[in-house]
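Asker: Got a structure for you, my_file.cif, holding mmCIF, C-alpha atoms.
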data_query
loop_
_atom_site.label_atom_id
_atom_site.label_comp_id
_atom_site.auth_asym_id
_atom_site.auth_seq_id
_atom_site.Cartn_x
_atom_site.Cartn_y
_atom_site.Cartn_z
CA MET A 1 91.43 95.76 103.73
CA SER A 2 88.67 93.44 102.66
CA THR A 3 91.22 90.88 101.51
CA THR A 4 91.35 87.29 102.55
CA GLY A 5 94.02 84.68 103.00
CA GLY A 6 91.67 81.71 102.75
CA THR A 7 90.65 79.77 99.72
CA SER A 8 87.06 79.45 98.77
CA THR A 9 85.72 76.17 97.55
CA ALA A 10 83.24 78.01 95.34
CA GLY A 11 85.30 77.23 92.24
CA ARG A 12 84.28 73.62 92.69
CA ALA A 13 80.59 74.31 93.31
CA SER A 14 78.50 71.35 92.24
CA ASP A 15 75.14 73.08 91.70
CA PRO A 16 74.96 74.11 87.98
CA ARG A 17 73.52 77.53 88.81
CA ALA A 18 76.29 78.17 91.33
CA ARG A 19 78.86 77.04 88.78
CA ARG A 20 77.46 79.49 86.22
CA THR A 21 77.64 82.33 88.75
CA VAL A 22 81.22 81.51 89.64
CA ALA A 23 82.19 81.20 85.96
CA ALA A 24 80.58 84.57 85.18
CA LEU A 25 82.49 86.22 88.04
CA GLN A 26 85.78 84.60 86.97
CA GLN A 27 85.31 85.70 83.36
CA ALA A 28 84.35 89.23 84.38
CA LEU A 29 87.37 89.48 86.67
CA LEU A 30 89.74 88.37 83.89
CA THR A 31 88.15 90.85 81.49
CA LEU A 32 88.40 93.72 83.99
CA CYS A 33 92.01 92.76 84.80
CA ALA A 34 93.00 93.36 81.20
CA THR A 35 92.61 97.10 81.83
CA THR A 36 92.52 97.52 85.63
CA SER A 37 94.74 96.39 88.48
CA PRO A 38 92.84 93.86 90.63
CA SER A 39 93.39 96.10 93.67
CA GLU A 40 91.06 98.61 92.04
CA ILE A 41 88.26 96.13 91.39
CA ASP A 42 85.72 96.07 94.19
CA VAL A 43 82.72 93.79 94.65
CA SER A 44 80.28 96.28 93.09
CA LYS A 45 82.37 96.76 89.96
CA LEU A 46 82.89 93.01 89.54
CA CYS A 47 79.20 92.20 90.06
CA ARG A 48 78.18 94.86 87.55
CA ALA A 49 80.59 93.48 84.94
CA ALA A 50 79.48 89.88 85.60
CA GLY A 51 75.73 90.64 85.72
CA VAL A 52 75.61 89.03 89.16
CA HIS A 53 73.68 90.48 92.10
CA ARG A 54 75.75 91.48 95.14
CA THR A 55 73.64 89.22 97.35
CA THR A 56 74.45 86.29 95.08
CA PHE A 57 78.16 87.22 95.17
CA TYR A 58 78.17 87.07 98.96
CA LYS A 59 76.57 83.63 98.88
CA HIS A 60 79.79 82.34 97.33
CA PHE A 61 82.59 84.72 98.28
CA THR A 62 83.50 87.29 100.90
CA ALA A 63 85.92 89.32 98.74
CA VAL A 64 87.11 89.76 95.16
CA SER A 65 90.40 88.09 96.15
CA GLU A 66 88.51 84.83 96.65
CA VAL A 67 87.36 84.90 93.02
CA ALA A 68 90.99 85.52 92.01
CA GLU A 69 92.00 82.53 94.09
CA THR A 70 89.62 80.24 92.21
CA ILE A 71 91.35 81.37 88.99
CA VAL A 72 94.84 80.50 90.29
CA ALA A 73 93.48 77.43 92.10
CA ASP A 74 95.42 75.09 89.80
CA LEU A 75 98.70 76.70 90.89
CA LEU A 76 97.78 76.54 94.58
CA GLU A 77 96.77 72.92 94.07
CA ARG A 78 100.04 72.08 92.33
CA ILE A 79 102.09 73.65 95.14
CA ASP A 80 100.20 71.53 97.64
CA SER A 81 99.90 68.23 95.84
CA THR A 82 103.11 67.79 93.83
CA PRO A 83 105.19 65.14 95.66
CA LEU A 84 108.10 66.65 97.56
CA ASP A 85 110.25 64.13 99.35
CA PRO A 86 113.83 62.90 99.22
CA GLU A 87 112.88 60.48 96.47
CA HIS A 88 111.23 63.02 94.19
CA GLY A 89 113.33 65.91 95.31
CA TYR A 90 112.93 69.62 95.73
CA ARG A 91 114.11 70.28 92.21
CA ALA A 92 111.41 68.13 90.57
CA TRP A 93 108.79 69.92 92.64
CA LEU A 94 110.11 73.32 91.58
CA ASP A 95 110.36 72.22 87.93
CA GLU A 96 106.73 71.20 87.95
CA LEU A 97 105.53 74.43 89.59
CA LEU A 98 107.44 76.62 87.18
CA ALA A 99 106.33 74.67 84.12
CA GLN A 100 102.77 75.31 85.27
CA VAL A 101 103.52 79.02 85.78
CA ALA A 102 105.08 79.28 82.30
CA ARG A 103 102.05 77.57 80.73
CA ARG A 104 99.52 79.87 82.39
CA ARG A 105 101.72 82.98 82.52
CA GLY A 106 99.10 85.20 80.85
CA THR A 107 96.41 84.41 83.42
CA TYR A 108 98.64 84.42 86.50
CA SER A 109 100.24 87.71 85.47
CA HIS A 110 97.03 89.51 86.45
CA PHE A 111 97.16 88.32 90.05
CA LEU A 112 100.80 87.63 90.88
CA GLY A 113 103.35 90.42 90.69
CA SER A 114 103.56 94.05 91.60
CA ASP A 115 100.19 95.07 90.10
CA GLY A 116 98.49 91.86 91.12
CA ASP A 117 96.41 90.95 94.14
CA PRO A 118 98.52 91.04 97.33
CA ALA A 119 96.16 88.62 99.12
CA VAL A 120 96.59 86.02 96.38
CA VAL A 121 100.38 86.51 96.48
CA ARG A 122 100.29 85.98 100.23
CA ASN A 123 98.33 82.78 99.83
CA VAL A 124 100.83 81.44 97.28
CA CYS A 125 103.74 82.38 99.59
CA ASP A 126 102.13 80.76 102.65
CA ARG A 127 101.76 77.50 100.74
CA LEU A 128 105.35 77.69 99.47
CA VAL A 129 106.50 78.19 103.08
CA ARG A 130 104.50 75.15 104.24
CA ARG A 131 105.83 72.88 101.50
CA THR A 132 109.42 74.14 101.80
CA ALA A 133 109.34 73.33 105.52
CA GLU A 134 108.93 69.67 104.52
CA VAL A 135 112.35 69.50 102.85
CA VAL A 136 114.50 71.70 105.07
CA PRO A 137 116.37 69.35 107.41
CA PRO A 138 115.63 69.81 111.11
CA SER A 139 118.29 71.77 112.96
CA GLU A 140 119.34 71.99 116.60
CA ASP A 141 118.58 75.67 116.26
CA PRO A 142 114.92 76.01 115.17
CA GLY A 143 115.56 79.68 114.34
CA SER A 144 118.17 78.87 111.71
CA ALA A 145 115.93 76.22 110.11
CA ASP A 146 113.16 78.83 110.02
CA VAL A 147 115.49 81.30 108.29
CA LEU A 148 116.25 78.69 105.63
CA VAL A 149 112.56 77.81 105.15
CA HIS A 150 111.53 81.45 104.79
CA THR A 151 114.39 82.61 102.55
CA LEU A 152 114.02 79.57 100.31
CA ALA A 153 110.23 79.74 100.10
CA PHE A 154 110.14 83.45 99.30
CA ALA A 155 113.05 83.06 96.88
CA SER A 156 111.03 80.43 95.02
CA TYR A 157 108.15 82.91 94.91
CA GLY A 158 110.60 85.42 93.39
CA LEU A 159 111.40 82.80 90.76
CA ILE A 160 107.68 82.52 89.96
CA GLU A 161 107.46 86.30 89.42
CA ALA A 162 110.57 86.23 87.22
CA VAL A 163 109.06 83.46 85.09
CA ILE A 164 105.84 85.45 84.75
CA ALA A 165 107.68 88.67 83.85
CA ASN A 166 110.07 87.14 81.27
CA GLU A 167 108.39 85.27 78.46
CA ASP A 168 111.69 84.25 76.90
CA LEU A 169 113.22 82.97 80.12
CA ASP A 170 114.95 79.60 79.99
CA VAL A 171 113.04 78.13 82.91
CA ALA A 172 115.17 74.98 83.23
CA ALA A 173 118.40 77.03 83.29
CA SER A 174 116.89 79.34 85.92
CA VAL A 175 115.99 76.40 88.13
CA ASP A 176 119.54 75.08 87.61
CA ALA A 177 121.03 78.38 88.76
CA PHE A 178 118.62 78.56 91.70
CA VAL A 179 119.20 74.99 92.87
CA GLY A 180 122.96 75.49 92.38
CA GLY A 181 122.82 78.17 95.06
CA LEU A 182 121.12 75.95 97.64
CA PRO A 183 122.82 74.60 100.76
CA THR A 184 124.51 71.25 100.08
CA THR A 185 121.98 69.07 101.94
CA LEU A 186 119.14 70.33 99.77
CA ARG A 187 121.20 70.20 96.60
CA GLN A 188 121.99 66.53 97.17
CA GLN A 189 118.32 65.85 97.67
CA SER A 190 117.59 67.65 94.39
CA ALA A 191 120.26 65.65 92.55
CA ALA A 192 118.72 62.41 93.83
CA ALA A 193 115.51 63.13 91.94
CA MET B 1 90.28 94.37 97.44
CA SER B 2 90.37 97.89 98.80
CA THR B 3 94.10 97.65 99.36
CA THR B 4 96.73 99.93 97.98
CA GLY B 5 100.35 99.65 96.99
CA GLY B 6 101.15 103.33 97.33
CA THR B 7 102.46 105.16 100.32
CA SER B 8 100.57 108.03 101.78
CA THR B 9 102.42 111.09 102.97
CA ALA B 10 99.76 111.61 105.64
CA GLY B 11 102.11 110.28 108.30
CA ARG B 12 104.15 113.41 107.82
CA ALA B 13 101.22 115.83 107.81
CA SER B 14 102.30 119.26 109.01
CA ASP B 15 98.92 120.63 110.14
CA PRO B 16 98.59 119.83 113.91
CA ARG B 17 94.95 118.76 113.56
CA ALA B 18 95.83 116.43 110.68
CA ARG B 19 98.71 115.04 112.73
CA ARG B 20 96.35 114.32 115.62
CA THR B 21 93.91 112.55 113.30
CA VAL B 22 96.68 110.41 111.82
CA ALA B 23 98.09 109.61 115.28
CA ALA B 24 94.63 108.58 116.52
CA LEU B 25 94.16 106.27 113.53
CA GLN B 26 97.63 104.75 113.97
CA GLN B 27 97.05 104.15 117.67
CA ALA B 28 93.60 102.64 117.05
CA LEU B 29 94.99 100.37 114.35
CA LEU B 30 97.75 99.10 116.64
CA THR B 31 95.22 98.52 119.44
CA LEU B 32 92.84 96.64 117.12
CA CYS B 33 95.73 94.59 115.70
CA ALA B 34 96.45 93.19 119.15
CA THR B 35 93.27 91.11 118.84
CA THR B 36 92.32 91.18 115.13
CA SER B 37 94.17 90.43 111.89
CA PRO B 38 94.55 93.67 109.89
CA SER B 39 92.74 92.01 106.98
CA GLU B 40 89.59 92.04 109.11
CA ILE B 41 89.80 95.73 110.02
CA ASP B 42 87.82 97.90 107.63
CA VAL B 43 87.57 101.68 107.47
CA SER B 44 84.37 101.79 109.56
CA LYS B 45 85.81 99.68 112.35
CA LEU B 46 89.04 101.68 112.44
CA CYS B 47 87.24 105.04 112.44
CA ARG B 48 84.94 103.91 115.25
CA ALA B 49 87.92 102.80 117.36
CA ALA B 50 89.84 106.02 116.64
CA GLY B 51 86.86 108.36 117.14
CA VAL B 52 87.49 109.75 113.66
CA HIS B 53 84.74 110.50 111.15
CA ARG B 54 84.84 108.49 107.91
CA THR B 55 84.87 111.72 105.89
CA THR B 56 87.96 112.83 107.81
CA PHE B 57 89.58 109.44 107.21
CA TYR B 58 89.13 109.79 103.47
CA LYS B 59 90.75 113.25 103.54
CA HIS B 60 94.01 111.51 104.51
CA PHE B 61 93.82 107.93 103.31
CA THR B 62 92.05 105.76 100.75
CA ALA B 63 92.38 102.46 102.66
CA VAL B 64 93.32 101.00 106.04
CA SER B 65 96.53 99.67 104.44
CA GLU B 66 97.73 103.24 104.02
CA VAL B 67 97.49 103.81 107.78
CA ALA B 68 99.48 100.60 108.27
CA GLU B 69 102.07 101.92 105.84
CA THR B 70 102.59 105.05 107.90
CA ILE B 71 103.32 102.77 110.90
CA VAL B 72 105.98 100.79 109.01
CA ALA B 73 107.18 103.95 107.22
CA ASP B 74 110.54 103.83 109.03
CA LEU B 75 111.22 100.38 107.57
CA LEU B 76 110.21 101.44 104.06
CA GLU B 77 112.39 104.51 104.46
CA ARG B 78 115.37 102.46 105.61
CA ILE B 79 115.05 100.08 102.66
CA ASP B 80 115.08 103.08 100.32
CA SER B 81 117.69 105.33 101.91
CA THR B 82 120.36 103.03 103.37
CA PRO B 83 123.38 103.29 101.07
CA LEU B 84 123.79 100.25 98.86
CA ASP B 85 126.79 100.40 96.58
CA PRO B 86 130.03 98.48 96.07
CA GLU B 87 131.66 100.62 98.76
CA HIS B 88 129.05 100.02 101.45
CA GLY B 89 128.04 96.63 100.23
CA TYR B 90 124.92 94.53 100.14
CA ARG B 91 125.69 92.97 103.49
CA ALA B 92 125.86 96.31 105.36
CA TRP B 93 122.51 97.26 103.83
CA LEU B 94 120.94 93.98 104.92
CA ASP B 95 122.48 94.26 108.41
CA GLU B 96 120.95 97.67 108.86
CA LEU B 97 117.49 96.59 107.65
CA LEU B 98 117.39 93.55 109.89
CA ALA B 99 118.63 95.45 112.94
CA GLN B 100 115.71 97.81 112.40
CA VAL B 101 113.30 94.87 112.04
CA ALA B 102 114.62 93.28 115.26
CA ARG B 103 114.24 96.58 117.14
CA ARG B 104 110.64 97.11 116.04
CA ARG B 105 109.66 93.44 115.81
CA GLY B 106 106.56 93.85 118.00
CA THR B 107 105.07 96.58 115.82
CA TYR B 108 106.00 95.12 112.45
CA SER B 109 104.68 91.69 113.45
CA HIS B 110 101.12 93.02 113.10
CA PHE B 111 101.57 93.95 109.44
CA LEU B 112 104.28 91.69 108.02
CA GLY B 113 103.82 87.93 108.01
CA SER B 114 101.03 85.51 107.34
CA ASP B 115 98.36 87.28 109.39
CA GLY B 116 99.57 90.73 108.42
CA ASP B 117 98.48 93.11 105.70
CA PRO B 118 99.28 91.67 102.24
CA ALA B 119 99.33 95.15 100.67
CA VAL B 120 102.00 96.33 103.12
CA VAL B 121 104.01 93.14 102.49
CA ARG B 122 103.79 93.81 98.76
CA ASN B 123 105.03 97.36 99.22
CA VAL B 124 108.02 96.15 101.27
CA CYS B 125 108.81 93.49 98.61
CA ASP B 126 108.56 95.97 95.74
CA ARG B 127 111.08 98.23 97.44
CA LEU B 128 113.40 95.30 98.16
CA VAL B 129 113.21 94.37 94.47
CA ARG B 130 114.07 97.93 93.41
CA ARG B 131 117.05 98.21 95.75
CA THR B 132 118.32 94.69 95.01
CA ALA B 133 118.33 95.54 91.29
CA GLU B 134 120.99 98.16 92.09
CA VAL B 135 123.54 95.56 93.20
CA VAL B 136 122.91 92.66 90.85
CA PRO B 137 125.52 92.94 88.09
CA PRO B 138 124.14 93.45 84.58
CA SER B 139 124.07 90.29 82.50
CA GLU B 140 124.02 89.61 78.77
CA ASP B 141 120.80 87.79 79.46
CA PRO B 142 118.38 90.25 81.11
CA GLY B 143 116.14 87.33 82.10
CA SER B 144 118.79 85.69 84.25
CA ALA B 145 119.63 88.99 85.98
CA ASP B 146 115.91 89.39 86.66
CA VAL B 147 115.76 85.90 88.20
CA LEU B 148 118.63 86.83 90.52
CA VAL B 149 117.04 90.16 91.48
CA HIS B 150 113.67 88.55 92.26
CA THR B 151 114.93 85.48 94.11
CA LEU B 152 117.35 87.57 96.16
CA ALA B 153 114.86 90.33 96.97
CA PHE B 154 112.11 87.93 98.02
CA ALA B 155 114.61 85.80 99.95
CA SER B 156 115.60 88.92 101.91
CA TYR B 157 111.92 89.49 102.62
CA GLY B 158 111.80 85.90 103.92
CA LEU B 159 114.68 86.80 106.21
CA ILE B 160 112.66 89.75 107.55
CA GLU B 161 109.74 87.42 108.36
CA ALA B 162 112.10 84.94 110.06
CA VAL B 163 113.56 87.74 112.21
CA ILE B 164 110.05 88.87 113.16
CA ALA B 165 108.91 85.34 114.01
CA ASN B 166 111.98 84.31 116.06
CA GLU B 167 112.77 86.60 118.96
CA ASP B 168 115.86 84.64 119.93
CA LEU B 169 117.31 84.55 116.44
CA ASP B 170 120.99 85.41 116.07
CA VAL B 171 120.45 88.02 113.37
CA ALA B 172 124.14 88.47 112.51
CA ALA B 173 124.63 84.71 112.10
CA SER B 174 121.52 84.53 109.90
CA VAL B 175 122.86 87.28 107.66
CA ASP B 176 126.19 85.42 107.54
CA ALA B 177 124.45 82.23 106.41
CA PHE B 178 122.36 84.14 103.88
CA VAL B 179 125.26 86.09 102.40
CA GLY B 180 127.34 82.88 102.36
CA GLY B 181 124.81 81.45 99.89
CA LEU B 182 125.04 84.37 97.47
CA PRO B 183 126.67 84.20 94.04
CA THR B 184 130.39 85.04 94.23
CA THR B 185 130.15 88.50 92.65
CA LEU B 186 127.70 89.68 95.28
CA ARG B 187 129.60 88.00 98.11
CA GLN B 188 132.79 89.83 97.13
CA GLN B 189 130.87 93.06 97.15
CA SER B 190 129.55 92.21 100.62
CA ALA B 191 133.06 91.41 101.86
CA ALA B 192 134.31 94.77 100.58
CA ALA B 193 132.03 96.60 103.02
#
Turn this file's structure into structure tokens for me.
Answerer:
Amino acid sequence: MSTTGGTSTAGRASDPRARRTVAALQQALLTLCATTSPSEIDVSKLCRAAGVHRTTFYKHFTAVSEVAETIVADLLERIDSTPLDPEHGYRAWLDELLAQVARRRGTYSHFLGSDGDPAVVRNVCDRLVRRTAEVVPPSEDPGSADVLVHTLAFASYGLIEAVIANEDLDVAASVDAFVGGLPTTLRQQSAAA
Amino acid sequence: MSTTGGTSTAGRASDPRARRTVAALQQALLTLCATTSPSEIDVSKLCRAAGVHRTTFYKHFTAVSEVAETIVADLLERIDSTPLDPEHGYRAWLDELLAQVARRRGTYSHFLGSDGDPAVVRNVCDRLVRRTAEVVPPSEDPGSADVLVHTLAFASYGLIEAVIANEDLDVAASVDAFVGGLPTTLRQQSAAA
């Protein structure tokens, strides 16, 4: 279980040599993923494919999942940084996430989904939970607010997997159907966007 | 990324010596989980705590996640075997799953959730997706049916995490609220139960 929930900052390394190492590892991981599930790629296999020494690997990362996370970093970043408030609305946030997923479907498909990297999936879900908590109205019963946050956040992750799995999906119509099923308070917020 | 999506049958080993080995590993994993996130428990650490030789470990399992899966096997089993058809209904299936989660909250909390084992979470989600696909009505547009299957299945996983995280949660009321938000066709099916 040498997986990790954290996100490495190695993808943004400033030293040119470090950047080359990270780029070589990212490229090797994508190449290996074309034929192998990421759960079957260990540090030795990745280092061999990238021509990077294990010692060098461990200077930047603690697990293969962290390299995967640098590859989906733009999705993680978008989840975190896209505005999500009554003015912009939940729907606009979701639209922007899913447009990003549709654009980079081919790359994300290696890491998100049933044959992907469970640690990366978890990281995406944790961020969706954190952001979703910002829009769910507070409730007298914290448990019921928590139910709404968790069901909504994981449902939106399900939407991401559906977009990845179905190239011909009408993403806007799917978001429509999804938002149409939301509780009224959230739907109003979405309409206000 | 030495995780695995499969389920070992080692938990049901018939040889008494094998059963003792598996039980020792399960007990050691639960003990370690009281103080350590499962993602930080590797095969060496688990074997040391269980007093089991690594060679013996690899006779039964390929990764620590597989031991974790034998501990949550009753949940996986319930997802798979609880009847789920128009007669019994989606709601009865969900009620039964969540009652099981509430009963074994303390144990499941080590493996499901943010600090749990992402590979076990993935396995639970994959099974929820498979079962949910049985109740979502076929659509002329396979993509939109797939969106419904994925959002609903992951939302129900979110409900599981909410039940685990909130000891005082009114589980029946949460299922009510969840089912109340379902598309009409599924809600009718739930009401028929």
Asker: Exactly which residues make up the result of the PyMOL selection byres ((chain B and resi 100-117) around 7) on this file, given as an mmCIF file with C-alpha atoms, in the frame of the given file?
Answerer:
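To be explicit, this is the file written out as expr.cif:
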data_model
loop_
_atom_site.group_PDB
_atom_site.id
_atom_site.type_symbol
_atom_site.label_atom_id
_atom_site.label_comp_id
_atom_site.auth_asym_id
_atom_site.auth_seq_id
_atom_site.Cartn_x
_atom_site.Cartn_y
_atom_site.Cartn_z
ATOM 1 C CA ASP A 126 102.130 80.760 102.650
ATOM 2 C CA CYS B 33 95.730 94.590 115.700
ATOM 3 C CA SER B 37 94.170 90.430 111.890
ATOM 4 C CA PRO B 38 94.550 93.670 109.890
ATOM 5 C CA SER B 39 92.740 92.010 106.980
ATOM 6 C CA SER B 65 96.530 99.670 104.440
ATOM 7 C CA VAL B 72 105.980 100.790 109.010
ATOM 8 C CA GLU B 96 120.950 97.670 108.860
ATOM 9 C CA LEU B 97 117.490 96.590 107.650
ATOM 10 C CA LEU B 98 117.390 93.550 109.890
ATOM 11 C CA ALA B 99 118.630 95.450 112.940
ATOM 12 C CA PRO B 118 99.280 91.670 102.240
ATOM 13 C CA ALA B 119 99.330 95.150 100.670
ATOM 14 C CA VAL B 120 102.000 96.330 103.120
ATOM 15 C CA VAL B 121 104.010 93.140 102.490
ATOM 16 C CA ILE B 160 112.660 89.750 107.550
ATOM 17 C CA GLU B 161 109.740 87.420 108.360
ATOM 18 C CA VAL B 163 113.560 87.740 112.210
ATOM 19 C CA ILE B 164 110.050 88.870 113.160
#
Asker: When you get a sec, could you note down which chain B residues fall within 6 Å of chain A, using all atoms listed in the file, as a list of chain:residue names?
Answerer: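 Listing them in order of chain and number gives B:Met1, B:Ser2, B:Thr3, B:Ser39, B:Asp42, B:Pro118, B:Ala119, B:Gly143, B:Val147, B:His150, B:Thr151, B:Phe154, B:Ala155, B:Gly158, B:Leu159, B:Ala162, B:Leu169.
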Asker: Using the chain letters and numbering of this document, enumerate as a PyMOL selection string the residues selected by the PyMOL selection byres ((chain A and resi 136) around 8).
Answerer: chain A and resi 132-135+137-138+145+148-149+186
Asker: Counting all atoms listed in the file, which residue out of A:Leu128, A:Asp176, A:Arg19, A:Glu140 sits closest to A:Leu76?
Answerer: A:Leu128
Asker: List as JSON, numbers by chain: which residues have an atom within 12 Å of (86.5, 109.4, 106.8), counting all atoms listed in the file?
Answerer: {"B": [21, 22, 25, 42, 43, 44, 45, 46, 47, 48, 50, 51, 52, 53, 54, 55, 56, 57, 58, 59, 60, 61, 62, 63, 64]}
Asker: In Å to one decimal, how far is atom CA of A:Ala73 from atom CA of A:Arg17?
Answerer: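 Atom-to-atom, atom CA of A:Arg17 and atom CA of A:Ala73 are spaced 20.2 Å apart.
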